[in-house]
$ cat model.txt   # compact mmCIF, C-alpha atoms
# COMPACT_ATOMS: atom_id res chain seq x y z
CA MET H 1 1.00 31.45 -3.88
CA PHE H 2 -0.99 28.36 -2.83
CA GLU H 3 -4.24 29.96 -3.99
CA SER H 4 -6.10 26.66 -3.63
CA VAL H 5 -5.42 26.44 0.11
CA GLN H 6 -8.27 28.74 1.15
CA ALA H 7 -10.84 26.44 -0.43
CA LEU H 8 -9.32 23.52 1.47
CA ILE H 9 -9.34 25.51 4.74
CA ASP H 10 -13.04 26.22 4.18
CA GLU H 11 -13.67 22.54 3.49
CA HIS H 12 -11.75 21.61 6.65
CA ARG H 13 -14.07 23.85 8.67
CA ARG H 14 -17.17 22.28 7.05
CA VAL H 15 -15.89 18.75 7.66
CA GLN H 16 -15.13 19.61 11.29
CA GLU H 17 -18.72 20.77 11.71
CA GLU H 18 -19.95 17.61 10.01
CA LEU H 19 -18.06 15.48 12.52
CA SER H 20 -20.01 17.10 15.35
CA ASP H 21 -23.27 15.80 13.85
CA PRO H 22 -24.43 12.58 15.61
CA ALA H 23 -26.07 11.44 12.36
CA VAL H 24 -22.63 11.09 10.78
CA HIS H 25 -21.46 8.64 13.44
CA ALA H 26 -24.68 6.65 13.14
CA ASP H 27 -23.47 5.62 9.67
CA ALA H 28 -20.14 3.79 10.09
CA ALA H 29 -19.19 4.00 6.41
CA ARG H 30 -19.92 7.72 6.24
CA ALA H 31 -18.08 8.38 9.49
CA LYS H 32 -15.01 6.57 8.15
CA ARG H 33 -15.03 8.66 4.95
CA VAL H 34 -15.48 11.94 6.83
CA ASN H 35 -12.75 11.11 9.36
CA ARG H 36 -10.33 10.25 6.56
CA ARG H 37 -11.00 13.52 4.77
CA TYR H 38 -10.67 15.46 8.02
CA ALA H 39 -7.30 13.85 8.75
CA GLU H 40 -6.05 14.64 5.25
CA LEU H 41 -7.23 18.26 5.38
CA SER H 42 -5.83 18.73 8.90
CA ARG H 43 -2.33 17.95 7.62
CA ILE H 44 -2.73 20.58 4.89
CA VAL H 45 -4.10 23.22 7.27
CA ALA H 46 -1.28 22.61 9.76
CA ALA H 47 1.33 22.87 6.98
CA TYR H 48 -0.27 26.07 5.69
CA GLU H 49 -0.27 27.64 9.16
CA ALA H 50 3.39 26.67 9.57
CA TRP H 51 4.19 28.28 6.21
CA VAL H 52 2.34 31.49 7.19
CA ALA H 53 4.18 31.58 10.54
CA ALA H 54 7.55 31.05 8.82
CA THR H 55 6.75 33.83 6.36
CA ASP H 56 5.82 36.23 9.16
CA ASP H 57 8.96 35.35 11.14
CA LEU H 58 11.18 35.98 8.13
CA ASP H 59 9.50 39.29 7.33
CA ALA H 60 9.92 40.42 10.94
CA ALA H 61 13.60 39.40 11.02
CA ARG H 62 14.30 41.31 7.81
CA GLU H 63 12.55 44.37 9.22
CA PHE H 64 14.53 44.22 12.47
CA ALA H 65 17.78 43.61 10.55
CA ARG H 66 17.43 46.99 8.89
CA GLU H 67 17.63 48.63 12.30
CA ASP H 68 19.88 46.16 14.14
CA GLU H 69 22.53 44.08 12.35
CA THR H 70 22.45 41.42 15.06
CA PHE H 71 19.15 40.20 13.56
CA ALA H 72 20.77 39.72 10.15
CA ALA H 73 22.28 36.36 11.21
CA GLU H 74 18.79 34.94 11.77
CA VAL H 75 17.63 35.70 8.22
CA PRO H 76 19.39 32.79 6.41
CA VAL H 77 18.14 30.30 9.02
CA LEU H 78 14.56 31.58 8.71
CA GLU H 79 14.83 31.56 4.90
CA GLU H 80 15.77 27.88 5.00
CA GLY H 81 12.90 27.17 7.40
CA LEU H 82 10.47 28.95 5.08
CA GLN H 83 11.72 26.96 2.10
CA GLN H 84 11.18 23.70 3.99
CA ALA H 85 7.68 24.72 5.08
CA GLN H 86 6.87 25.74 1.52
CA GLU H 87 8.08 22.42 0.10
CA LYS H 88 6.10 20.42 2.66
CA LEU H 89 2.93 22.31 1.84
CA ARG H 90 3.54 21.96 -1.89
CA ARG H 91 3.81 18.18 -1.56
CA LEU H 92 0.66 17.95 0.55
CA LEU H 93 -1.31 19.87 -2.07
CA ILE H 94 -0.64 17.22 -4.71
CA PRO H 95 -3.85 15.13 -5.08
CA ARG H 96 -3.48 11.82 -3.27
CA ASP H 97 -4.34 8.36 -4.51
CA PRO H 98 -8.01 8.06 -3.42
CA ASP H 99 -7.31 4.53 -2.11
CA ASP H 100 -4.41 5.52 0.20
CA ALA H 101 -6.42 5.14 3.42
CA ARG H 102 -7.70 1.67 2.53
CA ASP H 103 -6.61 -1.64 3.95
CA VAL H 104 -5.17 -4.17 1.52
CA ILE H 105 -5.35 -7.77 0.42
CA MET H 106 -1.96 -9.11 -0.61
CA GLU H 107 -1.32 -12.22 -2.66
CA ILE H 108 2.13 -13.83 -2.85
CA LYS H 109 2.64 -16.36 -5.63
CA ALA H 110 5.54 -18.67 -6.38
CA GLY H 111 7.08 -17.96 -9.80
CA GLU H 112 10.26 -19.25 -11.42
CA GLY H 113 12.36 -21.54 -9.27
CA GLY H 114 9.96 -24.29 -8.22
CA ALA H 115 10.29 -25.31 -4.56
CA GLU H 116 12.76 -22.50 -3.80
CA SER H 117 10.31 -19.89 -5.10
CA ALA H 118 7.58 -21.31 -2.87
CA LEU H 119 9.92 -21.22 0.14
CA PHE H 120 10.76 -17.59 -0.60
CA ALA H 121 7.02 -16.82 -0.82
CA ALA H 122 6.79 -18.00 2.80
CA ASP H 123 9.75 -15.77 3.70
CA LEU H 124 8.08 -12.76 2.07
CA LEU H 125 4.84 -13.46 3.92
CA ARG H 126 6.74 -13.48 7.21
CA MET H 127 8.53 -10.24 6.21
CA TYR H 128 5.24 -8.44 5.51
CA ILE H 129 3.62 -9.77 8.70
CA GLN H 130 6.60 -8.51 10.72
CA TYR H 131 6.44 -5.12 8.98
CA ALA H 132 2.70 -4.89 9.64
CA ALA H 133 3.29 -5.64 13.33
CA SER H 134 5.87 -2.85 13.51
CA LYS H 135 3.24 -0.43 12.14
CA GLY H 136 0.57 -1.63 14.55
CA TRP H 137 -1.45 -3.20 11.73
CA LYS H 138 -3.41 -6.44 12.01
CA THR H 139 -2.98 -9.37 9.62
CA GLU H 140 -5.38 -12.17 8.72
CA LEU H 141 -4.40 -15.18 6.65
CA LEU H 142 -7.21 -15.66 4.13
CA GLU H 143 -5.94 -18.51 1.98
CA ARG H 144 -2.84 -20.63 1.52
CA ASN H 145 -1.76 -23.31 -0.91
CA GLU H 146 1.23 -24.99 0.66
CA SER H 147 4.10 -26.64 -1.20
CA ASP H 148 5.56 -30.01 -0.28
CA LEU H 149 8.59 -28.45 1.46
CA GLY H 150 6.65 -26.05 3.66
CA GLY H 151 6.57 -22.99 1.42
CA TYR H 152 3.58 -21.50 -0.39
CA LYS H 153 2.58 -21.88 -4.00
CA ASP H 154 0.05 -19.14 -3.32
CA VAL H 155 -0.93 -17.31 -0.12
CA GLN H 156 -3.32 -14.42 0.52
CA VAL H 157 -3.29 -12.17 3.57
CA ALA H 158 -5.48 -9.22 4.60
CA ILE H 159 -3.66 -6.33 6.29
CA LYS H 160 -5.69 -3.81 8.28
CA GLY H 161 -4.60 -0.48 9.75
CA SER H 162 -6.19 1.76 12.37
CA SER H 163 -5.29 5.30 11.29
CA SER H 164 -7.80 7.57 9.59
CA ASP H 165 -4.95 9.56 8.02
CA PRO H 166 -4.53 8.53 4.36
CA ALA H 167 -0.79 9.20 4.61
CA GLN H 168 -0.60 6.44 7.23
CA GLY H 169 -2.87 4.06 5.33
CA VAL H 170 -1.91 0.48 4.55
CA TRP H 171 -2.44 0.95 0.79
CA ALA H 172 -0.41 4.18 0.90
CA HIS H 173 2.59 2.09 1.98
CA LEU H 174 2.13 -1.36 0.49
CA LYS H 175 0.88 -0.49 -3.01
CA TYR H 176 4.53 -0.21 -4.10
CA GLU H 177 5.18 -3.86 -3.21
CA GLY H 178 3.28 -5.20 -6.21
CA GLY H 179 5.57 -6.83 -8.77
CA VAL H 180 8.20 -9.52 -9.17
CA HIS H 181 10.69 -10.08 -6.33
CA ARG H 182 13.92 -11.84 -7.26
CA VAL H 183 15.93 -13.88 -4.74
CA GLN H 184 19.54 -15.03 -5.06
CA ARG H 185 20.66 -17.59 -2.49
CA VAL H 186 21.67 -21.20 -1.92
CA PRO H 187 18.37 -23.11 -1.65
CA ALA H 188 17.77 -25.56 1.15
CA THR H 189 17.45 -28.25 -1.56
CA GLU H 190 20.89 -27.46 -3.06
CA SER H 191 23.47 -30.09 -2.11
CA GLN H 192 26.50 -28.50 -3.81
CA GLY H 193 26.21 -24.99 -2.37
CA ARG H 194 25.39 -23.28 -5.67
CA ILE H 195 23.54 -19.95 -5.70
CA HIS H 196 20.19 -20.08 -7.49
CA THR H 197 18.01 -17.26 -8.78
CA SER H 198 14.25 -17.53 -8.31
CA THR H 199 11.29 -15.18 -8.56
CA THR H 200 8.16 -14.71 -6.49
CA GLY H 201 5.25 -12.45 -7.43
CA VAL H 202 3.37 -10.07 -5.14
CA LEU H 203 -0.08 -8.64 -5.95
CA VAL H 204 -1.60 -5.90 -3.80
CA PHE H 205 -5.25 -4.81 -3.91
CA PRO H 206 -6.99 -2.06 -1.90
CA GLU H 207 -9.77 -3.64 0.15
CA VAL H 208 -13.37 -2.46 -0.10
CA ASP H 209 -14.54 -0.67 3.06
CA GLU H 210 -18.17 -1.75 2.90
CA PRO H 211 -19.68 -4.65 0.89
CA ASP H 212 -22.24 -2.42 -0.82
CA GLU H 213 -19.48 -0.15 -2.14
CA ILE H 214 -19.04 -2.57 -5.05
CA ALA H 215 -22.32 -3.65 -6.63
CA ILE H 216 -22.29 -7.37 -7.43
CA ASN H 217 -25.25 -9.04 -9.08
CA GLN H 218 -25.65 -12.52 -7.61
CA ASN H 219 -26.71 -13.74 -11.06
CA ASP H 220 -23.22 -12.81 -12.29
CA LEU H 221 -21.60 -15.29 -9.90
CA LYS H 222 -20.85 -18.95 -10.54
CA ILE H 223 -20.19 -20.64 -7.21
CA ASP H 224 -18.63 -24.10 -6.96
CA VAL H 225 -17.93 -26.05 -3.78
CA PHE H 226 -15.39 -28.85 -3.41
CA ARG H 227 -13.23 -30.61 -0.85
CA SER H 228 -10.14 -28.75 0.27
CA SER H 229 -6.73 -30.27 -0.43
CA GLY H 230 -3.25 -29.96 1.02
CA PRO H 231 0.29 -30.30 -0.39
CA GLY H 232 0.43 -32.87 -3.17
CA GLY H 233 -3.31 -32.62 -3.72
CA GLN H 234 -4.37 -34.94 -0.89
CA SER H 235 -7.77 -34.27 0.62
CA VAL H 236 -7.65 -32.62 4.04
CA ASN H 237 -11.40 -32.35 4.60
CA THR H 238 -14.29 -34.78 4.34
CA THR H 239 -16.88 -32.13 3.48
CA ASP H 240 -17.28 -29.77 0.53
CA SER H 241 -16.09 -26.70 2.45
CA ALA H 242 -13.84 -25.14 -0.21
CA VAL H 243 -15.41 -22.47 -2.42
CA ARG H 244 -14.63 -21.19 -5.90
CA ILE H 245 -16.40 -18.03 -7.09
CA THR H 246 -16.28 -16.94 -10.72
CA HIS H 247 -17.44 -13.43 -11.59
CA LEU H 248 -18.76 -14.05 -15.08
CA PRO H 249 -18.66 -10.47 -16.50
CA SER H 250 -15.01 -9.90 -15.55
CA GLY H 251 -13.75 -13.48 -15.62
CA ILE H 252 -12.20 -13.06 -12.15
CA VAL H 253 -11.93 -16.35 -10.26
CA VAL H 254 -11.31 -16.60 -6.50
CA SER H 255 -10.88 -19.86 -4.57
CA MET H 256 -10.82 -20.28 -0.80
CA GLN H 257 -10.28 -23.39 1.32
CA ASN H 258 -8.44 -22.09 4.37
CA GLU H 259 -11.41 -22.37 6.74
CA LYS H 260 -13.33 -25.51 7.65
CA SER H 261 -16.64 -23.73 7.15
CA GLN H 262 -18.03 -23.26 3.65
CA LEU H 263 -19.67 -20.00 4.78
CA GLN H 264 -16.36 -18.60 6.07
CA ASN H 265 -14.60 -19.53 2.84
CA ARG H 266 -17.35 -17.91 0.82
CA ASP H 267 -17.13 -14.68 2.87
CA ALA H 268 -13.34 -14.59 2.41
CA ALA H 269 -13.67 -15.22 -1.33
CA MET H 270 -16.17 -12.36 -1.64
CA ARG H 271 -13.74 -10.02 0.17
CA VAL H 272 -11.03 -10.83 -2.35
CA LEU H 273 -13.45 -10.58 -5.27
CA ARG H 274 -14.61 -7.12 -4.17
CA ALA H 275 -10.99 -5.97 -3.82
CA ARG H 276 -10.15 -7.18 -7.33
CA LEU H 277 -13.28 -5.58 -8.76
CA LEU H 278 -12.41 -2.29 -7.01
CA ALA H 279 -8.95 -2.39 -8.59
CA LYS H 280 -10.50 -3.13 -11.99
CA GLN H 281 -12.96 -0.25 -11.53
CA GLN H 282 -10.15 2.16 -10.69
CA GLU H 283 -8.22 1.00 -13.75
CA GLU H 284 -11.13 1.84 -15.97
CA LEU H 285 -11.60 5.27 -14.35
CA ASP H 286 -7.95 6.29 -14.30
CA ALA H 287 -5.50 5.39 -17.02
CA ALA H 288 -2.50 6.15 -14.79
CA ALA H 289 -3.79 3.87 -12.06
CA SER H 290 -4.44 1.26 -14.70
CA ASP H 291 -0.81 1.31 -15.81
CA ALA H 292 0.41 1.08 -12.23
CA ARG H 293 -1.80 -1.85 -11.35
CA LYS H 294 -1.28 -3.76 -14.57
CA SER H 295 2.44 -3.64 -13.96
CA GLN H 296 1.89 -5.77 -10.86
CA ILE H 297 0.40 -8.71 -12.71
CA ARG H 298 2.72 -9.23 -15.66
CA GLY H 299 4.42 -12.57 -16.16
CA MET H 300 6.74 -13.50 -13.31
CA ASP H 301 9.98 -13.75 -15.25
CA ARG H 302 13.33 -12.39 -14.10
CA SER H 303 13.36 -9.43 -16.49
CA GLU H 304 10.35 -7.81 -14.78
CA ARG H 305 11.71 -7.69 -11.26
CA ILE H 306 11.17 -4.72 -8.96
CA ARG H 307 13.55 -5.86 -6.25
CA THR H 308 16.46 -8.25 -5.70
CA TYR H 309 17.22 -10.03 -2.43
CA ASN H 310 20.86 -11.20 -2.53
CA PHE H 311 21.50 -13.39 0.50
CA PRO H 312 25.23 -14.14 -0.02
CA GLU H 313 25.97 -10.37 -0.02
CA ASN H 314 23.22 -9.52 2.52
CA ARG H 315 22.11 -6.96 -0.10
CA ILE H 316 18.67 -5.58 -0.92
CA ALA H 317 18.16 -3.50 -4.06
CA ASP H 318 15.06 -1.79 -5.42
CA HIS H 319 15.34 -1.43 -9.20
CA ARG H 320 12.70 1.30 -9.50
CA THR H 321 14.16 3.80 -7.03
CA GLY H 322 17.84 2.81 -7.02
CA PHE H 323 17.70 2.12 -3.27
CA LYS H 324 20.41 -0.30 -2.11
CA ALA H 325 21.44 -1.46 1.36
CA TYR H 326 23.40 -4.28 2.97
CA ASN H 327 20.97 -5.19 5.74
CA LEU H 328 18.91 -7.87 4.04
CA ASP H 329 18.74 -9.88 7.26
CA GLN H 330 16.97 -6.94 8.95
CA VAL H 331 14.67 -6.38 5.95
CA MET H 332 13.55 -10.02 6.06
CA ASP H 333 12.68 -9.40 9.73
CA GLY H 334 10.31 -6.61 8.69
CA ALA H 335 12.60 -3.54 8.51
CA LEU H 336 10.99 -2.36 5.26
CA GLU H 337 10.47 1.31 6.10
CA PRO H 338 13.55 2.70 4.24
CA LEU H 339 12.60 0.77 1.09
CA ILE H 340 8.99 1.88 1.22
CA SER H 341 9.98 5.48 2.03
CA SER H 342 12.19 5.52 -1.07
CA ALA H 343 9.22 4.40 -3.18
CA ILE H 344 6.92 7.01 -1.62
CA SER H 345 9.52 9.74 -2.27
CA ALA H 346 10.01 8.64 -5.88
CA ASP H 347 6.25 8.66 -6.39
CA GLU H 348 5.95 12.15 -4.89
CA GLU H 349 8.71 13.44 -7.16
CA ALA H 350 6.96 11.97 -10.19
CA ARG H 351 3.65 13.57 -9.21
CA LEU H 352 5.35 16.90 -8.52
CA ALA H 353 6.92 16.76 -11.98
CA ALA H 354 3.56 15.92 -13.54
CA VAL H 355 1.87 18.85 -11.79
CA GLY H 356 4.71 21.15 -12.87
CA SER H 357 4.40 20.11 -16.50
CA GLU H 358 0.65 20.79 -16.46
CA SER H 359 0.96 24.28 -14.97
$ encode --input "model.txt" --output "structure tokens"
Amino acid sequence: MFESVQALIDEHRRVQEELSDPAVHADAARAKRVNRRYAELSRIVAAYEAWVAATDDLDAAREFAREDETFAAEVPVLEEGLQQAQEKLRRLLIPRDPDDARDVIMEIKAGEGGAESALFAADLLRMYIQYAASKGWKTELLERNESDLGGYKDVQVAIKGSSSDPAQGVWAHLKYEGGVHRVQRVPATESQGRIHTSTTGVLVFPEVDEPDEIAINQNDLKIDVFRSSGPGGQSVNTTDSAVRITHLPSGIVVSMQNEKSQLQNRDAAMRVLRARLLAKQQEELDAAASDARKSQIRGMDRSERIRTYNFPENRIADHRTGFKAYNLDQVMDGALEPLISSAISADEEARLAAVGSES
């Protein structure tokens, strides 16, 4: 059983030796990749050693039970422990999403519902920022397009983690947030107290670690500069500091006007462009990843929702996993872990089933 583990143990030993080489740490990008792989392999090695120890303990208890019946009571407990250790190792051996350790760029876009949808986009942004803070992650607002009532028609935020363990990566947790989020509540603009239903879209992209990871030919870029504008379209800057970059081969367009400096806006736009090109590259390499990512960017109508936020009932429901709870007020304050854990578990079950069907 677990025949593939020995090869991973050998790789873990090689990676450990590689980490002791000063040349590795002289190259920041290489050091990051090696540390991530070491963290991932360390989890597998630890789980394997726990499985071996549980196996040995059970064998010893069974042996002693033949001579002394008092040991027989320990056997069922050790059998359960072995089963748990075996299941943990089995899950860790499933190939991970190669982007799990990456940071992310998240875009939240108003959908159906006009001003109320834009207000909920601001609420979602706050929710994700609070969740990131609870995980010890850093957030950076890259771009925002404010609505007249203080919400966001469109807002982009970069979220950065500090762990080298892919299982603790930002993408590993937030990739499940991509899709249409439906809100049911009485809008601030509603004078008669009627409940409205609106939708807001969330896009999530893994961020590129190093700029040269994605090759971009400067001749493939069309760069326009213009004056930034605020709610209602009024000009908020007297210089052409806003930047729009069009990647001609892919047709991807990124605009930035959050910063007063044209250079800063250009750098931010290139970060988003690289993230979108990385996602596009992964789609082309992996059909399964393509399906998962395309599902994030379908039309934002109510039939394609992944989650419903019902404020009158204080209810949150995830339509992919069946998760439901009546603590929406806490969720909006960043208590997302149970929801995200349900998505991670559902994904693991699906991958386990896929591996089982192939074997």
$ atom_distance --input "model.txt" --atom1 "atom CA of H:Glu177" --atom2 "atom CA of H:Ser341"
11.7 Å
$ closest_atom_pairs --input "model.txt" --of "stretch 92-185 of chain H" --to "stretch 8-19 of chain H" --cutoff "12 Å" --atoms "all atoms listed in the file" --output "Markdown table"
| residue | atom | partner | partner_atom | distance |
| --- | --- | --- | --- | --- |
| H:Leu92 | CA | H:Leu8 | CA | 11.5 |
| H:Leu93 | CA | H:Leu8 | CA | 9.5 |
| H:Pro95 | CA | H:Leu8 | CA | 12.0 |
$ closest_residue --input "model.txt" --among "H:Glu63, H:Asp220, H:Asp165, H:Glu349" --to "H:Asn35" --atoms "all atoms listed in the file"
H:Asp165
$ atom_distance --input "model.txt" --atom1 "atom CA of H:Gly111" --atom2 "atom CA of H:Arg276"
20.5 Å
$ closest_residue --input "model.txt" --among "H:Asp240, H:Glu348, H:Glu259, H:Glu313" --to "H:Ile94" --atoms "only C-alpha atoms"
H:Glu348
$ closest_residue --input "model.txt" --among "H:Pro206, H:Gly161, H:Pro338, H:Pro22" --to "H:Thr139" --atoms "all atoms listed in the file"
H:Gly161
$ build_atoms --input "model.txt" --residues "stretch 102-112 of chain H" --atoms "all heavy atoms" --output "PDB file, keeping the file's coordinate frame"
ATOM      1  N   ARG H 102      -7.096   3.005   2.474  1.00  0.00           N
ATOM      2  CA  ARG H 102      -7.700   1.670   2.530  1.00  0.00           C
ATOM      3  C   ARG H 102      -6.755   0.623   3.092  1.00  0.00           C
ATOM      4  O   ARG H 102      -5.531   0.766   3.048  1.00  0.00           O
ATOM      5  CB  ARG H 102      -8.148   1.230   1.130  1.00  0.00           C
ATOM      6  CG  ARG H 102      -9.288   2.037   0.531  1.00  0.00           C
ATOM      7  CD  ARG H 102      -9.729   1.422  -0.786  1.00  0.00           C
ATOM      8  NE  ARG H 102     -10.711   2.216  -1.490  1.00  0.00           N
ATOM      9  CZ  ARG H 102     -12.025   2.115  -1.309  1.00  0.00           C
ATOM     10  NH1 ARG H 102     -12.494   1.223  -0.448  1.00  0.00           N
ATOM     11  NH2 ARG H 102     -12.859   2.862  -2.000  1.00  0.00           N
ATOM     12  N   ASP H 103      -7.357  -0.452   3.600  1.00  0.00           N
ATOM     13  CA  ASP H 103      -6.610  -1.640   3.950  1.00  0.00           C
ATOM     14  C   ASP H 103      -6.314  -2.399   2.660  1.00  0.00           C
ATOM     15  O   ASP H 103      -6.787  -2.016   1.588  1.00  0.00           O
ATOM     16  CB  ASP H 103      -7.424  -2.506   4.915  1.00  0.00           C
ATOM     17  CG  ASP H 103      -7.767  -1.769   6.204  1.00  0.00           C
ATOM     18  OD1 ASP H 103      -6.905  -1.006   6.682  1.00  0.00           O
ATOM     19  OD2 ASP H 103      -8.884  -1.947   6.726  1.00  0.00           O
ATOM     20  N   VAL H 104      -5.530  -3.465   2.750  1.00  0.00           N
ATOM     21  CA  VAL H 104      -5.170  -4.170   1.520  1.00  0.00           C
ATOM     22  C   VAL H 104      -5.347  -5.685   1.667  1.00  0.00           C
ATOM     23  O   VAL H 104      -5.376  -6.230   2.777  1.00  0.00           O
ATOM     24  CB  VAL H 104      -3.702  -3.903   1.088  1.00  0.00           C
ATOM     25  CG1 VAL H 104      -3.403  -2.425   1.023  1.00  0.00           C
ATOM     26  CG2 VAL H 104      -2.710  -4.627   1.994  1.00  0.00           C
ATOM     27  N   ILE H 105      -5.469  -6.322   0.528  1.00  0.00           N
ATOM     28  CA  ILE H 105      -5.350  -7.770   0.420  1.00  0.00           C
ATOM     29  C   ILE H 105      -4.133  -8.031  -0.448  1.00  0.00           C
ATOM     30  O   ILE H 105      -4.025  -7.506  -1.555  1.00  0.00           O
ATOM     31  CB  ILE H 105      -6.605  -8.404  -0.175  1.00  0.00           C
ATOM     32  CG1 ILE H 105      -7.772  -8.283   0.821  1.00  0.00           C
ATOM     33  CG2 ILE H 105      -6.360  -9.872  -0.532  1.00  0.00           C
ATOM     34  CD1 ILE H 105      -9.097  -8.790   0.304  1.00  0.00           C
ATOM     35  N   MET H 106      -3.205  -8.810   0.087  1.00  0.00           N
ATOM     36  CA  MET H 106      -1.960  -9.110  -0.610  1.00  0.00           C
ATOM     37  C   MET H 106      -1.916 -10.584  -0.982  1.00  0.00           C
ATOM     38  O   MET H 106      -2.278 -11.447  -0.175  1.00  0.00           O
ATOM     39  CB  MET H 106      -0.760  -8.747   0.271  1.00  0.00           C
ATOM     40  CG  MET H 106       0.594  -9.135  -0.298  1.00  0.00           C
ATOM     41  SD  MET H 106       1.965  -8.681   0.819  1.00  0.00           S
ATOM     42  CE  MET H 106       2.038  -6.902   0.553  1.00  0.00           C
ATOM     43  N   GLU H 107      -1.479 -10.848  -2.202  1.00  0.00           N
ATOM     44  CA  GLU H 107      -1.320 -12.220  -2.660  1.00  0.00           C
ATOM     45  C   GLU H 107       0.146 -12.431  -3.048  1.00  0.00           C
ATOM     46  O   GLU H 107       0.717 -11.621  -3.782  1.00  0.00           O
ATOM     47  CB  GLU H 107      -2.225 -12.515  -3.845  1.00  0.00           C
ATOM     48  CG  GLU H 107      -2.151 -13.953  -4.323  1.00  0.00           C
ATOM     49  CD  GLU H 107      -3.176 -14.273  -5.404  1.00  0.00           C
ATOM     50  OE1 GLU H 107      -3.941 -13.364  -5.785  1.00  0.00           O
ATOM     51  OE2 GLU H 107      -3.208 -15.432  -5.861  1.00  0.00           O
ATOM     52  N   ILE H 108       0.737 -13.491  -2.541  1.00  0.00           N
ATOM     53  CA  ILE H 108       2.130 -13.830  -2.850  1.00  0.00           C
ATOM     54  C   ILE H 108       2.125 -15.162  -3.581  1.00  0.00           C
ATOM     55  O   ILE H 108       1.580 -16.154  -3.077  1.00  0.00           O
ATOM     56  CB  ILE H 108       2.977 -13.912  -1.565  1.00  0.00           C
ATOM     57  CG1 ILE H 108       2.846 -12.606  -0.765  1.00  0.00           C
ATOM     58  CG2 ILE H 108       4.440 -14.177  -1.905  1.00  0.00           C
ATOM     59  CD1 ILE H 108       3.495 -12.660   0.609  1.00  0.00           C
ATOM     60  N   LYS H 109       2.716 -15.185  -4.767  1.00  0.00           N
ATOM     61  CA  LYS H 109       2.640 -16.360  -5.630  1.00  0.00           C
ATOM     62  C   LYS H 109       4.046 -16.818  -6.016  1.00  0.00           C
ATOM     63  O   LYS H 109       4.891 -15.999  -6.396  1.00  0.00           O
ATOM     64  CB  LYS H 109       1.856 -16.043  -6.905  1.00  0.00           C
ATOM     65  CG  LYS H 109       0.427 -15.585  -6.667  1.00  0.00           C
ATOM     66  CD  LYS H 109      -0.222 -15.070  -7.944  1.00  0.00           C
ATOM     67  CE  LYS H 109      -0.448 -16.184  -8.940  1.00  0.00           C
ATOM     68  NZ  LYS H 109      -1.547 -17.101  -8.516  1.00  0.00           N
ATOM     69  N   ALA H 110       4.274 -18.114  -5.923  1.00  0.00           N
ATOM     70  CA  ALA H 110       5.540 -18.670  -6.380  1.00  0.00           C
ATOM     71  C   ALA H 110       5.651 -18.483  -7.893  1.00  0.00           C
ATOM     72  O   ALA H 110       4.668 -18.609  -8.618  1.00  0.00           O
ATOM     73  CB  ALA H 110       5.621 -20.154  -6.028  1.00  0.00           C
ATOM     74  N   GLY H 111       6.859 -18.161  -8.373  1.00  0.00           N
ATOM     75  CA  GLY H 111       7.080 -17.960  -9.800  1.00  0.00           C
ATOM     76  C   GLY H 111       8.134 -18.922 -10.313  1.00  0.00           C
ATOM     77  O   GLY H 111       8.038 -20.138 -10.107  1.00  0.00           O
ATOM     78  N   GLU H 112       9.178 -18.397 -10.939  1.00  0.00           N
ATOM     79  CA  GLU H 112      10.260 -19.250 -11.420  1.00  0.00           C
ATOM     80  C   GLU H 112      11.108 -19.748 -10.258  1.00  0.00           C
ATOM     81  O   GLU H 112      11.419 -18.988  -9.347  1.00  0.00           O
ATOM     82  CB  GLU H 112      11.149 -18.485 -12.401  1.00  0.00           C
ATOM     83  CG  GLU H 112      10.477 -18.166 -13.718  1.00  0.00           C
ATOM     84  CD  GLU H 112      11.454 -17.561 -14.704  1.00  0.00           C
ATOM     85  OE1 GLU H 112      12.612 -17.311 -14.312  1.00  0.00           O
ATOM     86  OE2 GLU H 112      11.062 -17.343 -15.852  1.00  0.00           O
TER      87      GLU H 112
END
